[in-house]
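Okay, structure first, notes after.
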Amino acid sequence: MREGSKKREGSKKQAGVDRSTDPLRPSDHIDGDGDARGDGVDSPKLNVVGWLRWGWRQLTSMRTALVLLLILAIAAIPGSIFPQRMADPNGVTQWKADHPDLFPILDGMQLFDVYLSAWFSAIYLLLFLSLVGCVIPRIKHHLKALRSRPPRTPVRLGRLDDHREATRTVAGSDPRAAAEQSIAIAEKQLRALRYRVQRYDDKRGFSVSAERGYARETGNLLFHLALLGVLVSVGVGGSFAYTGQRVVVQGTSFVNTLLDYSSMNRGRFVSDDALAPYRMTLDSFDVTYQPFEPGKSSSGQAGDFAANVTVSEPGQKEHKAAVQVNHPLGIAGDRVYLLGNGYAPTITVHNAKGDVVFHDSVPFLPQNNSTMMSIGIVKVADGLPEQLGLQGFFYPTSAKLATGALTSVYPDLINPTLTLNVFAGDLGIDDGTPRSVYVLDTGSMTQLTGGKTGTKSIELAPGETTALPNGMGTITFDNEAPKDAKDYSQSVKRYVSLQIHHDPSEQWVLIFAVVALLGLVLALFVPRRRMWVKATVVDGAVHLEYAGLARGEDPTLAAAVEDLRDGHGRLLDADGATVAVPEADTAPETDRDAGKVPDTAAVPETATPTNQSPMTADASTRSATDSGK
């Protein structure tokens with residue numbers, strides 16, 4: 001440290017400046033010459049407690065809180081890029097199938113469980129601690145400020161940017177009593193304007209000090225407290241929340257029990273019997289498509305979706321309801337969201353003896369929303385000589401390409417066609433390993449139709465039946481349309497993908513969000529300012545001074561001082577104790593610092609605001625206040 005001081009001293013001598021005699025640079029400055037012994041500034045060594053205190057101060061600073069808030073927003077971005085297990089488990093499964101090499105790396109980084117990950121929780125907790133440590137001291141300081149009196153009136157109000165003067169003659173014989181009366185009237189006026197006021201009278205004159213705008217800091221604290229409330233509500237509410245997904249085919253029902261969910265994510269405090277009992281049956285699914293017009297990109301686009309359901313709750317009558325996009329259905333504290341929809345072809349498989357070994361409406365996953373070409377998997381585990389896996393492709397409005405392959409040109413059921421590739425062998429479900437119903441593991445199976453087998457894929461229209469390979473039996477694509485139907489518009493059932501979400505903290509989050517918005521409005525639009533009115537007796541007349549000082553930027557302060565002076569003048573006119581001196585007869589402003597009287601034409605009655613910063617003005621006020629003590 002001393003070596004550094006010597007280097008600095010040498011550099012000063014080279015520059016031709018002797019800092020020891022420089023009046024603009026005190027000796028104890030950071031680049032000063034130190035004490036009389038020539039020693040530099042030695043920083044105190046911190047022990048463990050000192051370092052902990054330093055770290056706590058850094059963590060609880062407002063700058064750190066803002067940085068952590070920004071980091072939290074950035075950390076949430078992967079949650080919108082990658083599918084999350086809590087909200088879209090099927091999407092995670094599909095992402096794993098599409099990227100088998102990259103998936104383990106990203107899964108190890110918890111990018112598919114962003115909001116439950118250790119790193120996101122760490123940022124969350126650090127932000128919480130930072131806000132708590134930042135807000136509590138500010139609350140104490142604010143409460144102390146609310147109990148304190150307005151500051152003493154500065155001796156030289158003319159040093160403030162926003163300063164006005166007025167002179168009034170005394171109607172009676174006691175100018176000092178008139179000055180005191182004028183300040184009493186100003187006190188009532190400021191109280192009516194919702195200022196906190198305090199009188200400061202002395203032998204030199206009378207004055208009133210006023211301030212208002214503490215609602216600005218109150219709003220700021222409300223905003224931060226509400227933000228803490230949101231964090232607590234989300235954190236605690238997540239332990240009592242659950243989110244589940246279920247695919248419901250037309251004509252079937254969903255019962256709100258753990259066993260009936262396709263996937264479920266629940267908080268640590270959600271017990272097995274915490275789910276409200278109710279049943280929901282999908283009656284129909286309504287969707288409208290833009291008419292088919294060749295060459296138009298809008299052809300086939302969906303207009304509106306609505307899942308029409310029948311809801312049954314204990315002790316209540318069954319009632320009809322609808323689940324629409326962005327319009328969830330509320331049932332027993334749960335919210336039911338419509339995530340997706342598709343077709344569920346009904347397939348029946350008979351063995352060689354004619355017995356039914358499989359009959360179900362199988363949901364097919366759409367691969368293109370504009371044409372609804374879909375892919376599905378059918379697994380026949382029992383009743384045939386070998387386990388059978390069928391990889392199906394469904395085309396709502398099928399058409400042939402130039403290559404002879406099928407495609408779908410419209411999402412509605414105009415010419416529905418189902419094609420199936422048949423695989424025989426081990427489905428991999430006998431060992432108890434969970435398998436996705438949307439994935440067919442063909443590693444232990446032999447392909448019998450389609451592909452390079454030389455045998456055409458099975459191709460069916462609604463109501464048609466064809467034989468399975470190797471005489472295993474037959475397969476039928478059932479027609480679900482009524483007997484008197486004249487087209488295929490009702491030949492295939494629809495299904496909907498629903499998400500059931502329960503979060504008891506939603507109301508609290510909304511309340512805290514509204515409080516945060518209210519606090520932000522107060523913090524942004526309520527000005528914090530101080531006002532002073534001072535009356536002195538000069539040559540038998542009452543000389544009045546008006547001044548204002550804002551904390552921060554306040555473009556309306558000058559107008560507020562003008563309004564205070566004008567309003568006070570009208571009240572004094574009504575009182576009658578003093579009479580306003582016409583502007584032409586107003587005594588010239590006294591230059592108190594120089595002790596001279598400048599030319600009246602050179603100094604206007606209203607001082608011209610300068611470019612002095614609020615910090616400089618505040619320092620001037622403190623200096624003036626100190627000199628008046």
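Residue names in the structure tokens use chain letters A, B, ... in the order shown, residue numbers from 1 in each chain, and ligand numbers from 1 in the order shown.
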Could you find all residues in range 132-208 of chain A that DSSP calls alpha helix (DSSP H) from the backbone, and write them as a short mmCIF file (atom, residue, chain, number, x, y, z; two decimals) with C-alpha atoms, in the first residue's frame?
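Result written to result_4.cif:
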data_model
loop_
_atom_site.label_atom_id
_atom_site.label_comp_id
_atom_site.auth_asym_id
_atom_site.auth_seq_id
_atom_site.Cartn_x
_atom_site.Cartn_y
_atom_site.Cartn_z
CA VAL A 132 -36.69 -9.11 2.17
CA GLY A 133 -33.34 -7.66 3.17
CA CYS A 134 -33.95 -4.61 1.00
CA VAL A 135 -37.52 -3.85 2.03
CA ILE A 136 -37.32 -4.28 5.82
CA PRO A 137 -34.75 -1.49 6.42
CA ARG A 138 -36.63 0.79 4.05
CA ILE A 139 -39.86 0.18 5.98
CA LYS A 140 -38.15 1.17 9.23
CA HIS A 141 -36.70 4.29 7.63
CA HIS A 142 -40.05 5.20 6.08
CA LEU A 143 -41.94 4.80 9.37
CA LYS A 144 -39.37 7.02 11.05
CA ALA A 145 -39.76 9.63 8.31
CA LEU A 146 -43.54 9.56 8.69
CA ARG A 147 -43.20 10.42 12.40
CA PRO A 175 -46.27 44.97 10.51
CA ARG A 176 -44.89 42.07 12.59
CA ALA A 177 -48.40 40.97 13.55
CA ALA A 178 -49.39 41.20 9.88
CA ALA A 179 -46.41 39.01 8.92
CA GLU A 180 -47.39 36.43 11.53
CA GLN A 181 -51.01 36.48 10.30
CA SER A 182 -49.89 35.95 6.69
CA ILE A 183 -47.92 32.83 7.72
CA ALA A 184 -50.91 31.54 9.70
CA ILE A 185 -53.00 31.87 6.54
CA ALA A 186 -50.29 30.07 4.51
CA GLU A 187 -50.29 27.28 7.10
CA LYS A 188 -54.03 26.72 6.66
CA GLN A 189 -53.63 26.89 2.90
CA LEU A 190 -50.90 24.21 2.90
CA ARG A 191 -52.93 21.99 5.22
CA ALA A 192 -55.84 22.23 2.79
#
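For range 226-232 of chain A, the set of protein, DNA and RNA residues having any atom at most 6 Å away, when counting only C-alpha atoms and skipping those fewer than 2 positions along the same chain, is Leu222, Phe223, His224, Val234, Gly235, Val236, Val509, Phe512 and Ala516 of chain A.
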Neighbour list for range 112-128 of chain A as number ranges by chain, cut-off 8 Å, only C-alpha atoms, skip fewer than 5 positions in-chain = A: 65, 68-69, 71-72, 75-76, 78-79, 82-86, 92, 106-107, 228, 231
Keeping N, CA, C and O atoms for every residue in the selection just given, could you write it to a file as a PDB file, in the first residue's frame?
ATOM      1  N   ALA A  65     -31.158  -6.897  -6.369  1.00  0.00           N
ATOM      2  CA  ALA A  65     -32.534  -7.386  -6.563  1.00  0.00           C
ATOM      3  C   ALA A  65     -32.964  -7.229  -8.016  1.00  0.00           C
ATOM      4  O   ALA A  65     -33.587  -8.135  -8.594  1.00  0.00           O
ATOM      5  N   LEU A  68     -31.125  -9.858 -10.094  1.00  0.00           N
ATOM      6  CA  LEU A  68     -31.703 -11.194  -9.889  1.00  0.00           C
ATOM      7  C   LEU A  68     -33.054 -11.319 -10.579  1.00  0.00           C
ATOM      8  O   LEU A  68     -33.389 -12.392 -11.112  1.00  0.00           O
ATOM      9  N   LEU A  69     -33.830 -10.248 -10.569  1.00  0.00           N
ATOM     10  CA  LEU A  69     -35.126 -10.282 -11.257  1.00  0.00           C
ATOM     11  C   LEU A  69     -34.928 -10.470 -12.756  1.00  0.00           C
ATOM     12  O   LEU A  69     -35.667 -11.225 -13.414  1.00  0.00           O
ATOM     13  N   ILE A  71     -32.274 -11.914 -14.139  1.00  0.00           N
ATOM     14  CA  ILE A  71     -31.770 -13.281 -14.327  1.00  0.00           C
ATOM     15  C   ILE A  71     -32.909 -14.292 -14.244  1.00  0.00           C
ATOM     16  O   ILE A  71     -32.956 -15.272 -15.001  1.00  0.00           O
ATOM     17  N   LEU A  72     -33.859 -14.058 -13.332  1.00  0.00           N
ATOM     18  CA  LEU A  72     -34.999 -14.969 -13.214  1.00  0.00           C
ATOM     19  C   LEU A  72     -35.833 -14.968 -14.491  1.00  0.00           C
ATOM     20  O   LEU A  72     -36.299 -16.028 -14.937  1.00  0.00           O
ATOM     21  N   ALA A  75     -33.890 -16.916 -17.010  1.00  0.00           N
ATOM     22  CA  ALA A  75     -33.892 -18.349 -16.686  1.00  0.00           C
ATOM     23  C   ALA A  75     -35.212 -19.014 -17.036  1.00  0.00           C
ATOM     24  O   ALA A  75     -35.260 -20.237 -17.229  1.00  0.00           O
ATOM     25  N   ALA A  76     -36.291 -18.240 -17.128  1.00  0.00           N
ATOM     26  CA  ALA A  76     -37.591 -18.819 -17.476  1.00  0.00           C
ATOM     27  C   ALA A  76     -37.746 -19.041 -18.973  1.00  0.00           C
ATOM     28  O   ALA A  76     -38.698 -19.720 -19.394  1.00  0.00           O
ATOM     29  N   PRO A  78     -36.010 -20.956 -21.162  1.00  0.00           N
ATOM     30  CA  PRO A  78     -36.029 -22.362 -21.610  1.00  0.00           C
ATOM     31  C   PRO A  78     -37.354 -23.069 -21.359  1.00  0.00           C
ATOM     32  O   PRO A  78     -37.700 -24.015 -22.076  1.00  0.00           O
ATOM     33  N   GLY A  79     -38.124 -22.599 -20.379  1.00  0.00           N
ATOM     34  CA  GLY A  79     -39.422 -23.206 -20.119  1.00  0.00           C
ATOM     35  C   GLY A  79     -40.416 -22.998 -21.237  1.00  0.00           C
ATOM     36  O   GLY A  79     -41.385 -23.758 -21.363  1.00  0.00           O
ATOM     37  N   PHE A  82     -38.506 -25.480 -24.488  1.00  0.00           N
ATOM     38  CA  PHE A  82     -38.571 -26.937 -24.382  1.00  0.00           C
ATOM     39  C   PHE A  82     -39.866 -27.344 -23.698  1.00  0.00           C
ATOM     40  O   PHE A  82     -40.339 -26.658 -22.780  1.00  0.00           O
ATOM     41  N   PRO A  83     -40.485 -28.457 -24.106  1.00  0.00           N
ATOM     42  CA  PRO A  83     -41.702 -28.926 -23.435  1.00  0.00           C
ATOM     43  C   PRO A  83     -41.395 -29.290 -21.987  1.00  0.00           C
ATOM     44  O   PRO A  83     -40.325 -29.835 -21.682  1.00  0.00           O
ATOM     45  N   GLN A  84     -42.323 -29.002 -21.103  1.00  0.00           N
ATOM     46  CA  GLN A  84     -42.136 -29.257 -19.680  1.00  0.00           C
ATOM     47  C   GLN A  84     -42.970 -30.459 -19.248  1.00  0.00           C
ATOM     48  O   GLN A  84     -44.114 -30.630 -19.667  1.00  0.00           O
ATOM     49  N   ARG A  85     -42.374 -31.288 -18.404  1.00  0.00           N
ATOM     50  CA  ARG A  85     -43.069 -32.493 -17.956  1.00  0.00           C
ATOM     51  C   ARG A  85     -44.363 -32.166 -17.228  1.00  0.00           C
ATOM     52  O   ARG A  85     -45.335 -32.912 -17.319  1.00  0.00           O
ATOM     53  N   MET A  86     -44.378 -31.054 -16.515  1.00  0.00           N
ATOM     54  CA  MET A  86     -45.577 -30.709 -15.752  1.00  0.00           C
ATOM     55  C   MET A  86     -46.743 -30.336 -16.660  1.00  0.00           C
ATOM     56  O   MET A  86     -47.895 -30.665 -16.368  1.00  0.00           O
ATOM     57  N   VAL A  92     -42.630 -34.030 -24.129  1.00  0.00           N
ATOM     58  CA  VAL A  92     -41.305 -34.467 -23.685  1.00  0.00           C
ATOM     59  C   VAL A  92     -40.970 -35.826 -24.281  1.00  0.00           C
ATOM     60  O   VAL A  92     -39.846 -36.075 -24.746  1.00  0.00           O
ATOM     61  N   LEU A 106     -29.709 -32.520 -22.108  1.00  0.00           N
ATOM     62  CA  LEU A 106     -30.622 -31.459 -21.706  1.00  0.00           C
ATOM     63  C   LEU A 106     -31.444 -31.859 -20.484  1.00  0.00           C
ATOM     64  O   LEU A 106     -31.754 -31.008 -19.636  1.00  0.00           O
ATOM     65  N   ASP A 107     -31.775 -33.144 -20.394  1.00  0.00           N
ATOM     66  CA  ASP A 107     -32.529 -33.600 -19.228  1.00  0.00           C
ATOM     67  C   ASP A 107     -31.668 -33.504 -17.970  1.00  0.00           C
ATOM     68  O   ASP A 107     -32.171 -33.202 -16.878  1.00  0.00           O
ATOM     69  N   LEU A 228     -43.041  -9.622  -3.190  1.00  0.00           N
ATOM     70  CA  LEU A 228     -42.741 -10.701  -2.239  1.00  0.00           C
ATOM     71  C   LEU A 228     -43.962 -11.604  -2.054  1.00  0.00           C
ATOM     72  O   LEU A 228     -43.831 -12.830  -1.967  1.00  0.00           O
ATOM     73  N   LEU A 231     -44.198 -13.979  -4.911  1.00  0.00           N
ATOM     74  CA  LEU A 231     -43.205 -15.052  -4.800  1.00  0.00           C
ATOM     75  C   LEU A 231     -43.632 -16.092  -3.771  1.00  0.00           C
ATOM     76  O   LEU A 231     -43.520 -17.305  -4.002  1.00  0.00           O
TER      77      LEU A 231
END
Mind checking DSSP for range 13-208 of chain A and telling me the strand (DSSP E or B) residues as a PDB file with all heavy atoms, in the first residue's frame?
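Saved the output as part_22.pdb:
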ATOM      1  N   ASP A 162     -36.631  27.024  -7.603  1.00  0.00           N
ATOM      2  CA  ASP A 162     -38.021  27.472  -7.702  1.00  0.00           C
ATOM      3  C   ASP A 162     -38.307  28.386  -6.515  1.00  0.00           C
ATOM      4  O   ASP A 162     -38.683  27.927  -5.423  1.00  0.00           O
ATOM      5  CB  ASP A 162     -38.973  26.275  -7.731  1.00  0.00           C
ATOM      6  CG  ASP A 162     -38.749  25.416  -8.965  1.00  0.00           C
ATOM      7  OD1 ASP A 162     -39.056  25.880 -10.066  1.00  0.00           O
ATOM      8  OD2 ASP A 162     -38.233  24.288  -8.808  1.00  0.00           O
ATOM      9  N   HIS A 163     -38.117  29.676  -6.745  1.00  0.00           N
ATOM     10  CA  HIS A 163     -38.236  30.667  -5.675  1.00  0.00           C
ATOM     11  C   HIS A 163     -39.021  31.867  -6.208  1.00  0.00           C
ATOM     12  O   HIS A 163     -38.755  32.371  -7.299  1.00  0.00           O
ATOM     13  CB  HIS A 163     -36.841  31.102  -5.212  1.00  0.00           C
ATOM     14  CG  HIS A 163     -36.862  32.215  -4.213  1.00  0.00           C
ATOM     15  ND1 HIS A 163     -36.523  33.519  -4.543  1.00  0.00           N
ATOM     16  CD2 HIS A 163     -37.190  32.229  -2.897  1.00  0.00           C
ATOM     17  CE1 HIS A 163     -36.633  34.281  -3.470  1.00  0.00           C
ATOM     18  NE2 HIS A 163     -37.040  33.524  -2.451  1.00  0.00           N
ATOM     19  N   ARG A 164     -39.997  32.308  -5.431  1.00  0.00           N
ATOM     20  CA  ARG A 164     -40.801  33.468  -5.802  1.00  0.00           C
ATOM     21  C   ARG A 164     -40.885  34.426  -4.603  1.00  0.00           C
ATOM     22  O   ARG A 164     -40.758  33.992  -3.451  1.00  0.00           O
ATOM     23  CB  ARG A 164     -42.226  33.046  -6.224  1.00  0.00           C
ATOM     24  CG  ARG A 164     -42.274  31.991  -7.324  1.00  0.00           C
ATOM     25  CD  ARG A 164     -41.796  32.538  -8.648  1.00  0.00           C
ATOM     26  NE  ARG A 164     -41.914  31.536  -9.699  1.00  0.00           N
ATOM     27  CZ  ARG A 164     -40.973  30.682 -10.030  1.00  0.00           C
ATOM     28  NH1 ARG A 164     -39.805  30.703  -9.378  1.00  0.00           N
ATOM     29  NH2 ARG A 164     -41.154  29.805 -10.997  1.00  0.00           N
ATOM     30  N   GLU A 165     -41.135  35.707  -4.893  1.00  0.00           N
ATOM     31  CA  GLU A 165     -41.239  36.720  -3.841  1.00  0.00           C
ATOM     32  C   GLU A 165     -42.446  37.613  -4.099  1.00  0.00           C
ATOM     33  O   GLU A 165     -42.940  37.719  -5.226  1.00  0.00           O
ATOM     34  CB  GLU A 165     -39.968  37.562  -3.772  1.00  0.00           C
ATOM     35  CG  GLU A 165     -38.733  36.783  -3.336  1.00  0.00           C
ATOM     36  CD  GLU A 165     -37.540  37.707  -3.125  1.00  0.00           C
ATOM     37  OE1 GLU A 165     -37.717  38.937  -3.259  1.00  0.00           O
ATOM     38  OE2 GLU A 165     -36.453  37.193  -2.822  1.00  0.00           O
ATOM     39  N   ALA A 166     -42.883  38.231  -3.021  1.00  0.00           N
ATOM     40  CA  ALA A 166     -43.974  39.216  -3.104  1.00  0.00           C
ATOM     41  C   ALA A 166     -43.851  40.162  -1.922  1.00  0.00           C
ATOM     42  O   ALA A 166     -43.343  39.791  -0.856  1.00  0.00           O
ATOM     43  CB  ALA A 166     -45.337  38.524  -3.109  1.00  0.00           C
ATOM     44  N   THR A 167     -44.308  41.382  -2.111  1.00  0.00           N
ATOM     45  CA  THR A 167     -44.267  42.397  -1.049  1.00  0.00           C
ATOM     46  C   THR A 167     -45.666  42.971  -0.864  1.00  0.00           C
ATOM     47  O   THR A 167     -46.359  43.268  -1.839  1.00  0.00           O
ATOM     48  CB  THR A 167     -43.278  43.513  -1.403  1.00  0.00           C
ATOM     49  OG1 THR A 167     -41.987  42.953  -1.598  1.00  0.00           O
ATOM     50  CG2 THR A 167     -43.212  44.542  -0.284  1.00  0.00           C
ATOM     51  N   ARG A 168     -46.050  43.143   0.414  1.00  0.00           N
ATOM     52  CA  ARG A 168     -47.373  43.658   0.731  1.00  0.00           C
ATOM     53  C   ARG A 168     -47.226  44.732   1.814  1.00  0.00           C
ATOM     54  O   ARG A 168     -46.453  44.579   2.779  1.00  0.00           O
ATOM     55  CB  ARG A 168     -48.308  42.542   1.217  1.00  0.00           C
ATOM     56  CG  ARG A 168     -48.479  41.420   0.218  1.00  0.00           C
ATOM     57  CD  ARG A 168     -49.433  40.364   0.755  1.00  0.00           C
ATOM     58  NE  ARG A 168     -50.795  40.842   0.875  1.00  0.00           N
ATOM     59  CZ  ARG A 168     -51.710  40.769  -0.086  1.00  0.00           C
ATOM     60  NH1 ARG A 168     -51.378  40.249  -1.274  1.00  0.00           N
ATOM     61  NH2 ARG A 168     -52.928  41.214   0.113  1.00  0.00           N
ATOM     62  N   THR A 169     -47.974  45.804   1.629  1.00  0.00           N
ATOM     63  CA  THR A 169     -47.990  46.868   2.641  1.00  0.00           C
ATOM     64  C   THR A 169     -48.965  46.502   3.744  1.00  0.00           C
ATOM     65  O   THR A 169     -49.924  45.749   3.529  1.00  0.00           O
ATOM     66  CB  THR A 169     -48.404  48.199   2.006  1.00  0.00           C
ATOM     67  OG1 THR A 169     -49.709  48.061   1.414  1.00  0.00           O
ATOM     68  CG2 THR A 169     -47.396  48.620   0.946  1.00  0.00           C
ATOM     69  N   VAL A 170     -48.721  47.078   4.922  1.00  0.00           N
ATOM     70  CA  VAL A 170     -49.524  46.734   6.095  1.00  0.00           C
ATOM     71  C   VAL A 170     -50.642  47.750   6.246  1.00  0.00           C
ATOM     72  O   VAL A 170     -50.400  48.982   6.224  1.00  0.00           O
ATOM     73  CB  VAL A 170     -48.640  46.701   7.362  1.00  0.00           C
ATOM     74  CG1 VAL A 170     -49.469  46.352   8.590  1.00  0.00           C
ATOM     75  CG2 VAL A 170     -47.506  45.712   7.172  1.00  0.00           C
ATOM     76  N   ARG A 196     -48.055  18.223   5.154  1.00  0.00           N
ATOM     77  CA  ARG A 196     -47.710  18.196   6.569  1.00  0.00           C
ATOM     78  C   ARG A 196     -46.946  19.480   6.860  1.00  0.00           C
ATOM     79  O   ARG A 196     -45.979  19.796   6.160  1.00  0.00           O
ATOM     80  CB  ARG A 196     -46.832  16.984   6.897  1.00  0.00           C
ATOM     81  CG  ARG A 196     -47.502  15.656   6.664  1.00  0.00           C
ATOM     82  CD  ARG A 196     -46.483  14.532   6.736  1.00  0.00           C
ATOM     83  NE  ARG A 196     -45.718  14.583   7.977  1.00  0.00           N
ATOM     84  CZ  ARG A 196     -44.581  13.916   8.168  1.00  0.00           C
ATOM     85  NH1 ARG A 196     -44.051  13.209   7.202  1.00  0.00           N
ATOM     86  NH2 ARG A 196     -43.959  13.990   9.326  1.00  0.00           N
ATOM     87  N   VAL A 197     -47.366  20.230   7.865  1.00  0.00           N
ATOM     88  CA  VAL A 197     -46.802  21.566   8.081  1.00  0.00           C
ATOM     89  C   VAL A 197     -46.180  21.663   9.470  1.00  0.00           C
ATOM     90  O   VAL A 197     -46.546  20.937  10.399  1.00  0.00           O
ATOM     91  CB  VAL A 197     -47.881  22.652   7.904  1.00  0.00           C
ATOM     92  CG1 VAL A 197     -48.439  22.616   6.501  1.00  0.00           C
ATOM     93  CG2 VAL A 197     -48.994  22.492   8.924  1.00  0.00           C
ATOM     94  N   GLN A 198     -45.235  22.591   9.588  1.00  0.00           N
ATOM     95  CA  GLN A 198     -44.581  22.886  10.854  1.00  0.00           C
ATOM     96  C   GLN A 198     -44.155  24.351  10.839  1.00  0.00           C
ATOM     97  O   GLN A 198     -43.515  24.807   9.888  1.00  0.00           O
ATOM     98  CB  GLN A 198     -43.360  21.979  11.066  1.00  0.00           C
ATOM     99  CG  GLN A 198     -42.631  22.205  12.363  1.00  0.00           C
ATOM    100  CD  GLN A 198     -43.457  21.787  13.574  1.00  0.00           C
ATOM    101  OE1 GLN A 198     -44.196  20.806  13.511  1.00  0.00           O
ATOM    102  NE2 GLN A 198     -43.351  22.549  14.662  1.00  0.00           N
ATOM    103  N   ARG A 199     -44.510  25.077  11.898  1.00  0.00           N
ATOM    104  CA  ARG A 199     -44.138  26.474  11.995  1.00  0.00           C
ATOM    105  C   ARG A 199     -42.734  26.600  12.563  1.00  0.00           C
ATOM    106  O   ARG A 199     -42.352  25.911  13.507  1.00  0.00           O
ATOM    107  CB  ARG A 199     -45.127  27.213  12.893  1.00  0.00           C
ATOM    108  CG  ARG A 199     -46.484  27.452  12.261  1.00  0.00           C
ATOM    109  CD  ARG A 199     -46.438  28.574  11.242  1.00  0.00           C
ATOM    110  NE  ARG A 199     -46.087  29.848  11.845  1.00  0.00           N
ATOM    111  CZ  ARG A 199     -46.969  30.707  12.340  1.00  0.00           C
ATOM    112  NH1 ARG A 199     -48.266  30.428  12.277  1.00  0.00           N
ATOM    113  NH2 ARG A 199     -46.580  31.853  12.861  1.00  0.00           N
ATOM    114  N   ASP A 202     -38.954  32.870  14.442  1.00  0.00           N
ATOM    115  CA  ASP A 202     -37.857  33.395  15.261  1.00  0.00           C
ATOM    116  C   ASP A 202     -37.895  34.911  15.211  1.00  0.00           C
ATOM    117  O   ASP A 202     -38.815  35.511  14.622  1.00  0.00           O
ATOM    118  CB  ASP A 202     -36.503  32.846  14.795  1.00  0.00           C
ATOM    119  CG  ASP A 202     -36.242  33.087  13.322  1.00  0.00           C
ATOM    120  OD1 ASP A 202     -36.752  34.101  12.782  1.00  0.00           O
ATOM    121  OD2 ASP A 202     -35.542  32.272  12.685  1.00  0.00           O
ATOM    122  N   GLY A 205     -38.146  36.554  11.681  1.00  0.00           N
ATOM    123  CA  GLY A 205     -39.359  36.492  10.888  1.00  0.00           C
ATOM    124  C   GLY A 205     -40.176  35.255  11.213  1.00  0.00           C
ATOM    125  O   GLY A 205     -39.941  34.561  12.222  1.00  0.00           O
ATOM    126  N   PHE A 206     -41.149  34.994  10.355  1.00  0.00           N
ATOM    127  CA  PHE A 206     -42.063  33.868  10.539  1.00  0.00           C
ATOM    128  C   PHE A 206     -42.010  33.000   9.287  1.00  0.00           C
ATOM    129  O   PHE A 206     -41.845  33.509   8.166  1.00  0.00           O
ATOM    130  CB  PHE A 206     -43.488  34.360  10.786  1.00  0.00           C
ATOM    131  CG  PHE A 206     -43.595  35.352  11.898  1.00  0.00           C
ATOM    132  CD1 PHE A 206     -43.497  36.722  11.642  1.00  0.00           C
ATOM    133  CD2 PHE A 206     -43.781  34.928  13.199  1.00  0.00           C
ATOM    134  CE1 PHE A 206     -43.590  37.642  12.660  1.00  0.00           C
ATOM    135  CE2 PHE A 206     -43.885  35.862  14.230  1.00  0.00           C
ATOM    136  CZ  PHE A 206     -43.778  37.210  13.957  1.00  0.00           C
ATOM    137  N   SER A 207     -42.169  31.691   9.472  1.00  0.00           N
ATOM    138  CA  SER A 207     -42.127  30.788   8.309  1.00  0.00           C
ATOM    139  C   SER A 207     -42.888  29.520   8.627  1.00  0.00           C
ATOM    140  O   SER A 207     -43.095  29.156   9.796  1.00  0.00           O
ATOM    141  CB  SER A 207     -40.685  30.442   7.931  1.00  0.00           C
ATOM    142  OG  SER A 207     -40.079  29.666   8.953  1.00  0.00           O
ATOM    143  N   VAL A 208     -43.319  28.868   7.583  1.00  0.00           N
ATOM    144  CA  VAL A 208     -43.964  27.569   7.687  1.00  0.00           C
ATOM    145  C   VAL A 208     -43.281  26.621   6.703  1.00  0.00           C
ATOM    146  O   VAL A 208     -43.007  26.991   5.556  1.00  0.00           O
ATOM    147  CB  VAL A 208     -45.489  27.663   7.411  1.00  0.00           C
ATOM    148  CG1 VAL A 208     -45.765  28.229   6.026  1.00  0.00           C
ATOM    149  CG2 VAL A 208     -46.143  26.297   7.567  1.00  0.00           C
TER     150      VAL A 208
END
Taking only C-alpha atoms into account, produce a table as CSV in which each residue of range 370-430 of chain A with an atom at most 9 Å from an atom of range 478-491 of chain A appears once, together with its shortest atom pair and the distance in Å to one decimal, ordered by chain and rising number.
residue,atom,partner,partner_atom,distance
A:Asp412,CA,A:Ser489,CA,7.5
A:Leu413,CA,A:Ser489,CA,5.0
A:Ile414,CA,A:Tyr488,CA,6.0
A:Asn415,CA,A:Tyr488,CA,7.0
A:Pro416,CA,A:Tyr488,CA,7.4
Å distance separating CA of Tyr261 in chain A from CA of Asn368 in chain A, one decimal place | 26.0 Å
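A straight line drawn from CA of Arg435 in chain A to CA of Gln391 in chain A is 15.2 Å long.
Atom pair CA of Gly471 in chain A / CA of Leu448 in chain A: separated by 11.9 Å.
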Looking at only C-alpha atoms, which of A:Ser505, A:Thr419, A:Thr403, A:Ser239 is the one that sits closest to Ser374 in chain A?
-> A:Thr419
